[in-house]
Amino acid sequence: MRLGARWRVGDPPHPGVPEEMHAEIATQEAAHPGAGSWTLTWLEGRPRCALDGLLVVTLSPDGDVVLDALSSEGAGEDEDDDWLE
């Protein structure tokens with residue numbers, strides 16, 4: 001079992017983050033200057049680094065760096081509250 005970790009944007013990536021992911025992490029920090037922190041988790045033995053719910057940097061099964069933007073569509077909206085209008 002591997003434990004996750006958190007680190008602040010601007011700090012070096014956590015030591016558990018593979019070197020192959022460091023360049024993409026730096027690129028995404030530059031693209032999102034208002035972001036605050038990264039969260040490292042592990043899924044099926046592969047590292048998964050999430051930036052403030054904006055995006056995830058991970059490794060494919062082949063070891064390629066993959067960037068997944070998290071959908072913000074409907075963020076903050078709750079369809080069950082329509083009756084409040």
# chains A, B, ... in the order shown; residues from 1 in each chain; ligands from 1

$ residues_around --residues "range 42-57 of chain A" --least-positions-apart "3" --cutoff "10 Å" --atoms "only C-alpha atoms" --output "VMD selection string"
chain A and resid 1 to 9 13 to 14 16 to 18 21 to 22 24 to 25 28 to 29 32 34 to 39 60 to 61 63 65 to 72

$ select_by_dssp --residues "chain A" --states "strand (DSSP E)" --output "PyMOL selection string"
chain A and resi 5-8+37-43+46-51+55-59+65-69

$ select_by_dssp --residues "chain A" --states "helix (DSSP H, G or I)" --output "ChimeraX atom specification"
/A:19-31,79-84

$ write_last_selection --atoms "N, CA and C atoms" --output "PDB file, in the first residue's frame"
ATOM      1  N   GLU A  19       9.817  11.047 -11.630  1.00  0.00           N
ATOM      2  CA  GLU A  19      10.496  12.127 -12.370  1.00  0.00           C
ATOM      3  C   GLU A  19       9.824  12.421 -13.703  1.00  0.00           C
ATOM      4  N   GLU A  20       9.265  11.421 -14.359  1.00  0.00           N
ATOM      5  CA  GLU A  20       8.625  11.610 -15.664  1.00  0.00           C
ATOM      6  C   GLU A  20       7.462  12.602 -15.603  1.00  0.00           C
ATOM      7  N   MET A  21       6.879  12.793 -14.433  1.00  0.00           N
ATOM      8  CA  MET A  21       5.720  13.662 -14.285  1.00  0.00           C
ATOM      9  C   MET A  21       6.083  15.099 -13.923  1.00  0.00           C
ATOM     10  N   HIS A  22       7.310  15.339 -13.530  1.00  0.00           N
ATOM     11  CA  HIS A  22       7.706  16.656 -13.029  1.00  0.00           C
ATOM     12  C   HIS A  22       7.533  17.771 -14.051  1.00  0.00           C
ATOM     13  N   ALA A  23       7.891  17.536 -15.294  1.00  0.00           N
ATOM     14  CA  ALA A  23       7.779  18.591 -16.315  1.00  0.00           C
ATOM     15  C   ALA A  23       6.322  18.988 -16.534  1.00  0.00           C
ATOM     16  N   GLU A  24       5.418  18.012 -16.590  1.00  0.00           N
ATOM     17  CA  GLU A  24       3.999  18.330 -16.780  1.00  0.00           C
ATOM     18  C   GLU A  24       3.423  19.052 -15.570  1.00  0.00           C
ATOM     19  N   ILE A  25       3.853  18.669 -14.395  1.00  0.00           N
ATOM     20  CA  ILE A  25       3.412  19.366 -13.185  1.00  0.00           C
ATOM     21  C   ILE A  25       3.841  20.828 -13.237  1.00  0.00           C
ATOM     22  N   ALA A  26       5.079  21.095 -13.621  1.00  0.00           N
ATOM     23  CA  ALA A  26       5.564  22.479 -13.737  1.00  0.00           C
ATOM     24  C   ALA A  26       4.785  23.250 -14.797  1.00  0.00           C
ATOM     25  N   THR A  27       4.494  22.603 -15.922  1.00  0.00           N
ATOM     26  CA  THR A  27       3.718  23.242 -16.988  1.00  0.00           C
ATOM     27  C   THR A  27       2.330  23.634 -16.489  1.00  0.00           C
ATOM     28  N   GLN A  28       1.688  22.743 -15.757  1.00  0.00           N
ATOM     29  CA  GLN A  28       0.338  23.017 -15.269  1.00  0.00           C
ATOM     30  C   GLN A  28       0.329  24.067 -14.161  1.00  0.00           C
ATOM     31  N   GLU A  29       1.373  24.121 -13.359  1.00  0.00           N
ATOM     32  CA  GLU A  29       1.469  25.186 -12.355  1.00  0.00           C
ATOM     33  C   GLU A  29       1.570  26.543 -13.036  1.00  0.00           C
ATOM     34  N   ALA A  30       2.333  26.622 -14.108  1.00  0.00           N
ATOM     35  CA  ALA A  30       2.462  27.879 -14.849  1.00  0.00           C
ATOM     36  C   ALA A  30       1.147  28.267 -15.514  1.00  0.00           C
ATOM     37  N   ALA A  31       0.387  27.275 -15.975  1.00  0.00           N
ATOM     38  CA  ALA A  31      -0.885  27.536 -16.652  1.00  0.00           C
ATOM     39  C   ALA A  31      -2.009  27.900 -15.677  1.00  0.00           C
ATOM     40  N   GLU A  79     -29.128  20.839  -9.183  1.00  0.00           N
ATOM     41  CA  GLU A  79     -30.408  20.786  -9.876  1.00  0.00           C
ATOM     42  C   GLU A  79     -31.560  20.588  -8.905  1.00  0.00           C
ATOM     43  N   ASP A  80     -31.317  19.993  -7.744  1.00  0.00           N
ATOM     44  CA  ASP A  80     -32.382  19.770  -6.773  1.00  0.00           C
ATOM     45  C   ASP A  80     -32.861  21.058  -6.127  1.00  0.00           C
ATOM     46  N   ASP A  81     -32.115  22.153  -6.320  1.00  0.00           N
ATOM     47  CA  ASP A  81     -32.506  23.418  -5.705  1.00  0.00           C
ATOM     48  C   ASP A  81     -33.287  24.320  -6.661  1.00  0.00           C
ATOM     49  N   ASP A  82     -33.733  23.779  -7.807  1.00  0.00           N
ATOM     50  CA  ASP A  82     -34.466  24.591  -8.774  1.00  0.00           C
ATOM     51  C   ASP A  82     -35.725  25.205  -8.179  1.00  0.00           C
ATOM     52  N   TRP A  83     -36.334  24.566  -7.224  1.00  0.00           N
ATOM     53  CA  TRP A  83     -37.575  25.046  -6.633  1.00  0.00           C
ATOM     54  C   TRP A  83     -37.367  26.326  -5.831  1.00  0.00           C
ATOM     55  N   LEU A  84     -36.098  26.668  -5.534  1.00  0.00           N
ATOM     56  CA  LEU A  84     -35.805  27.865  -4.760  1.00  0.00           C
ATOM     57  C   LEU A  84     -35.951  29.152  -5.565  1.00  0.00           C
TER      58      LEU A  84
END
